[in-house]
Structures are given as C-alpha cells and as structure tokens.
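J.: Quick one: this structure, given as structure tokens, is what I'll be asking you about.
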Number of protein chains: 2
Amino acid sequence: MKNPTLEGLFHETLRDIYYAERRILKTLPKMMRAAQSEDLKAAFEKHRGETEVQIERLAQIFEIIGKRPQAKTCPAIDGIIDEGEEVMESFKGAPALDAGLVAAAQAVEHYEMARYGTLRAWAACLGMTDAEQLLMQTLQEEEATDEALTQLADTSVNEAALDKAA
Amino acid sequence: MKNPTLEGLFHETLRDIYYAERRILKTLPKMMRAAQSEDLKAAFEKHRGETEVQIERLAQIFEIIGKRPQAKTCPAIDGIIDEGEEVMESFKGAPALDAGLVAAAQAVEHYEMARYGTLRAWAACLGMTDAEQLLMQTLQEEEATDEALTQLADTSVNEAALDKAA
C-alpha cells in the first residue's frame, strides 16, 4: 500500500469496484440468456444498461481524484459471480433456475451496495461533493435493482419454481 | 446437482452460508485484535457472539430438512474475507485501518443479508414456517450489525482516519 490514508483507501476501493462493475457487465448477458422468465430477462437487460452508466461514473471519479481508471482484481466479485455461474450450469433447464439466478444477482447487488455505501461515506468525509453525488446516484440504482429482484422473486419467480417442482 | 428443485437450491445455499458463517467466526477475532477503536473492537466482539448463535440456528434448519450440517466451500465469502485480510496487512498501524475494517465487515454483512434474505423467501415459499422464523431472526441481526457499523463509521471512524491523515 503506497498511500495508507483515507484517500489511498478510497482509491484502492474505487479500483476494486471498477473491476467488479466490468466483470458484472460481462456476466449480465449470460444471465439474461439463461433466464426463463421474460420479466427476469428484462430486469437483467435494464441493469446491463445501468451498469454501463455506472462504469462511466466511476471513470469520472477517477478523473476527479486525478488518477487514470485502472481496475484491481476483486476476489470478492469473482467468488460471487463464480457461484452464480455454477448455479447456471447446475440448474440448466431446471424449474428452480430463475430462483437461483435472482439469488446470484442479489448477492452481486449487495456487494455493490456495500462498496458504494462505503465510498459515498468516504467521499463525504473527504469533502468530495461531486464524487459523493455520483456515488449516491449509483447506490440508489443498486438499491432499486435489489428491491425489484425481491419483488420479482416474491410475486412470480419463487412460486414458479415451486409449481413446476410439485 | 442431485436435486434441481427449490428444495435442492435451498439445501445448497444453506451449506454455502454455513461455510461462510464458520469462516466469519474464525476471522472476527483477528479483526477485533486489529481494530484501533475500542468501540469497533466491541462491535466485532458482539457480532462474534451473534455469529455463534447464527451457526446454531443453521444447524437447527439442517435438522428441520433432515440433513446433517455440512458446509460447502463458498468462494464469495473467501474472496470478501481475503480482501479484508489484505486491508489488515496493507493498513497495519495506518490511520485509515479502522475505516478499512468497517468496509470489510460491511461487505461481509451485505453478503449475509443477501443469502439470508433469499433463504427466508424460499423457506416461506416452501411452507417451512420454523425455518423462516429462524432465518428472519438472523437476517434482522445482520441488518442491525450493518446499521451499527454505518453509525460507527459516520460518527467516529471515518473522521478519525481523516484527522490523523491531515
């Protein structure tokens, strides 16, 4: 660690979530293709578009802190997504596949909420108002995505898995 | 996947979080020792006690579904905790260490919230009332822990990192 201050920690964590968002962007089309429910496909497609904008926001924050956008391997998102890919393989064609996809996507959303919540608080503490605003926008999108997935699970996806299994 | 139904997915995810909780239980004493703030040490100690109870609840749920408690390696929590351990090493003795520890702990909490939220919804869907109740209790504890960490960061930990860095 070259810079063991809050600024240094902010930069490292920005690189971590930059890697994570790019891995998520690559994974969402696979999840979209795998999903059986049209509503779930649409939710993943919507979030793919949001993720592109979120990556652009991260690039703006790198610019604000005078660093070039550079990813740092994030073993956390790699582990979360690897688990999601295992579900896609193991449950291929199975009634519970969509329920597993929602679970995987919500684990991703929660990782993002944790990181953006932290980064937003640090930006506020460091007096970086513009960065804080950008991070808050993304945080609210992640929270809304997670809530939409919960609704989808509760209103159709989980019951569908159960009906077909019965 | 031997059982590609919602019951099968529930069992696999239970094994995943059982592994995760046991890894967390091993890691919390390290985080407690590393923390500079007494309040943060106390928060980790409190959560260590809760984690023991949460593991016991998981054992009860394995019993409800007639399976023996068996962990399944969870690459997600391994990745999240590996990142936390990197922070503990890189920021050892640095002003921003506690801020990094809170961030790591909140990433752990969010993983748990995602998994317990999902398991609770599946238990409800599968008509497993007792399991649902146990999962809800743990979910509420994880949410309270996350909220307490946010408070700690906002009221002291982040400012402390900043003051010392200035």
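So you can find residues: chains in the structure tokens are A, B, ... in the order shown, residues in each start at 1, and ligands are numbered from 1 in order.
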Among the residues of chain A, find those DSSP assigns to helix (DSSP H, G or I) from the backbone and print them as an MDAnalysis selection string.
T.: chainID A and resid 6:34 38:64 75:90 97:125 129:165
J.: Do you have, as a tab-separated table, the list of residues of chain B lying at most 9 Å from chain A, each with its nearest atom pair and that distance in Å to one decimal, counting only C-alpha atoms and ordered by chain then number?
T.:
```
residue	atom	partner	partner_atom	distance
B:Met1	CA	A:Ser90	CA	5.4
B:Lys2	CA	A:Ser90	CA	8.9
B:Pro4	CA	A:Phe91	CA	5.8
B:Thr5	CA	A:Ala96	CA	5.3
B:Leu6	CA	A:Ala96	CA	5.2
B:Glu7	CA	A:Leu162	CA	8.7
B:Gly8	CA	A:Ala96	CA	8.7
B:Leu9	CA	A:Gly100	CA	7.1
B:Cys74	CA	A:Gly79	CA	7.6
B:Pro75	CA	A:Gly79	CA	4.4
B:Ala76	CA	A:Gly79	CA	3.9
B:Ile77	CA	A:Ala76	CA	7.0
B:Asp78	CA	A:Ala76	CA	7.3
B:Gly79	CA	A:Ala76	CA	3.9
B:Ile80	CA	A:Ala76	CA	4.4
B:Ile81	CA	A:Ala76	CA	7.9
B:Asp82	CA	A:Pro75	CA	7.5
B:Glu83	CA	A:Pro75	CA	7.1
B:Val87	CA	A:Leu9	CA	8.8
B:Ser90	CA	A:Met1	CA	5.3
B:Phe91	CA	A:Pro4	CA	5.8
B:Lys92	CA	A:Pro4	CA	8.8
B:Ala94	CA	A:Pro4	CA	5.8
B:Pro95	CA	A:Thr5	CA	6.3
B:Ala96	CA	A:Leu6	CA	5.2
B:Leu97	CA	A:Pro4	CA	8.1
B:Ala99	CA	A:Leu6	CA	7.7
B:Gly100	CA	A:Leu9	CA	7.1
B:Val102	CA	A:Thr118	CA	8.6
B:Ala103	CA	A:Thr118	CA	6.1
B:Ala104	CA	A:Ala114	CA	8.9
B:Gln106	CA	A:Ala114	CA	6.0
B:Ala107	CA	A:Ala114	CA	5.2
B:Val108	CA	A:Tyr111	CA	8.5
B:Glu109	CA	A:Ala114	CA	8.4
B:His110	CA	A:His110	CA	5.3
B:Tyr111	CA	A:Ala107	CA	6.1
B:Glu112	CA	A:Ala107	CA	8.7
B:Met113	CA	A:His110	CA	7.7
B:Ala114	CA	A:Ala107	CA	5.2
B:Arg115	CA	A:Ala107	CA	7.0
B:Gly117	CA	A:Thr150	CA	8.8
B:Thr118	CA	A:Ala103	CA	6.1
B:Leu119	CA	A:Ala103	CA	8.9
B:Ala121	CA	A:Asp154	CA	7.3
B:Trp122	CA	A:Asn158	CA	6.9
B:Cys125	CA	A:Glu159	CA	6.7
B:Leu126	CA	A:Leu162	CA	7.5
B:Thr150	CA	A:Thr118	CA	8.5
B:Ala153	CA	A:Ala121	CA	8.1
B:Asp154	CA	A:Ala121	CA	7.3
B:Asn158	CA	A:Cys125	CA	6.8
B:Glu159	CA	A:Cys125	CA	6.8
B:Ala161	CA	A:Leu6	CA	6.2
B:Leu162	CA	A:Leu6	CA	6.3
B:Lys164	CA	A:Thr5	CA	8.6
B:Ala165	CA	A:Thr5	CA	5.9
```
J.: What's the separation between atom CA of Gln140 of chain B and atom CA of Gly49 of chain B, in Å to one decimal place?
T.: 15.0 Å
J.: What lies within 9 Å of segment 41-43 of chain B using only C-alpha atoms, ignoring chain neighbours under 3 positions off, as JSON, numbers by chain?
T.: {"B": [31, 32, 33, 34, 35, 36, 37, 38, 46, 47, 48, 145, 148, 149]}
J.: Select, from B:Val157, B:Leu101, B:Ala123, B:Met128, the residue with the minimum atom-to-atom distance to Thr27 of chain B, counting only C-alpha atoms.
T.: B:Leu101
J.: For atom CA of Leu139 of chain B and atom CA of Leu28 of chain A, determine how far apart the two atoms are, in Å to one decimal place.
T.: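 Calculated distance between atom CA of Leu139 of chain B and atom CA of Leu28 of chain A is 27.0 Å.
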J.: Grab the atom CA of Ser156 of chain A to atom CA of Ala144 of chain B distance for me, in Å with one decimal place.
T.: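 Straight-line distance from atom CA of Ser156 of chain A to atom CA of Ala144 of chain B works out to 28.9 Å.
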J.: Hey, which of B:Gln137, B:Gln151, B:Thr73, B:Gln60 ends up closest to Arg23 of chain B? Count only C-alpha atoms.
T.: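 Among the listed residues, B:Thr73 lies closest to Arg23 of chain B.
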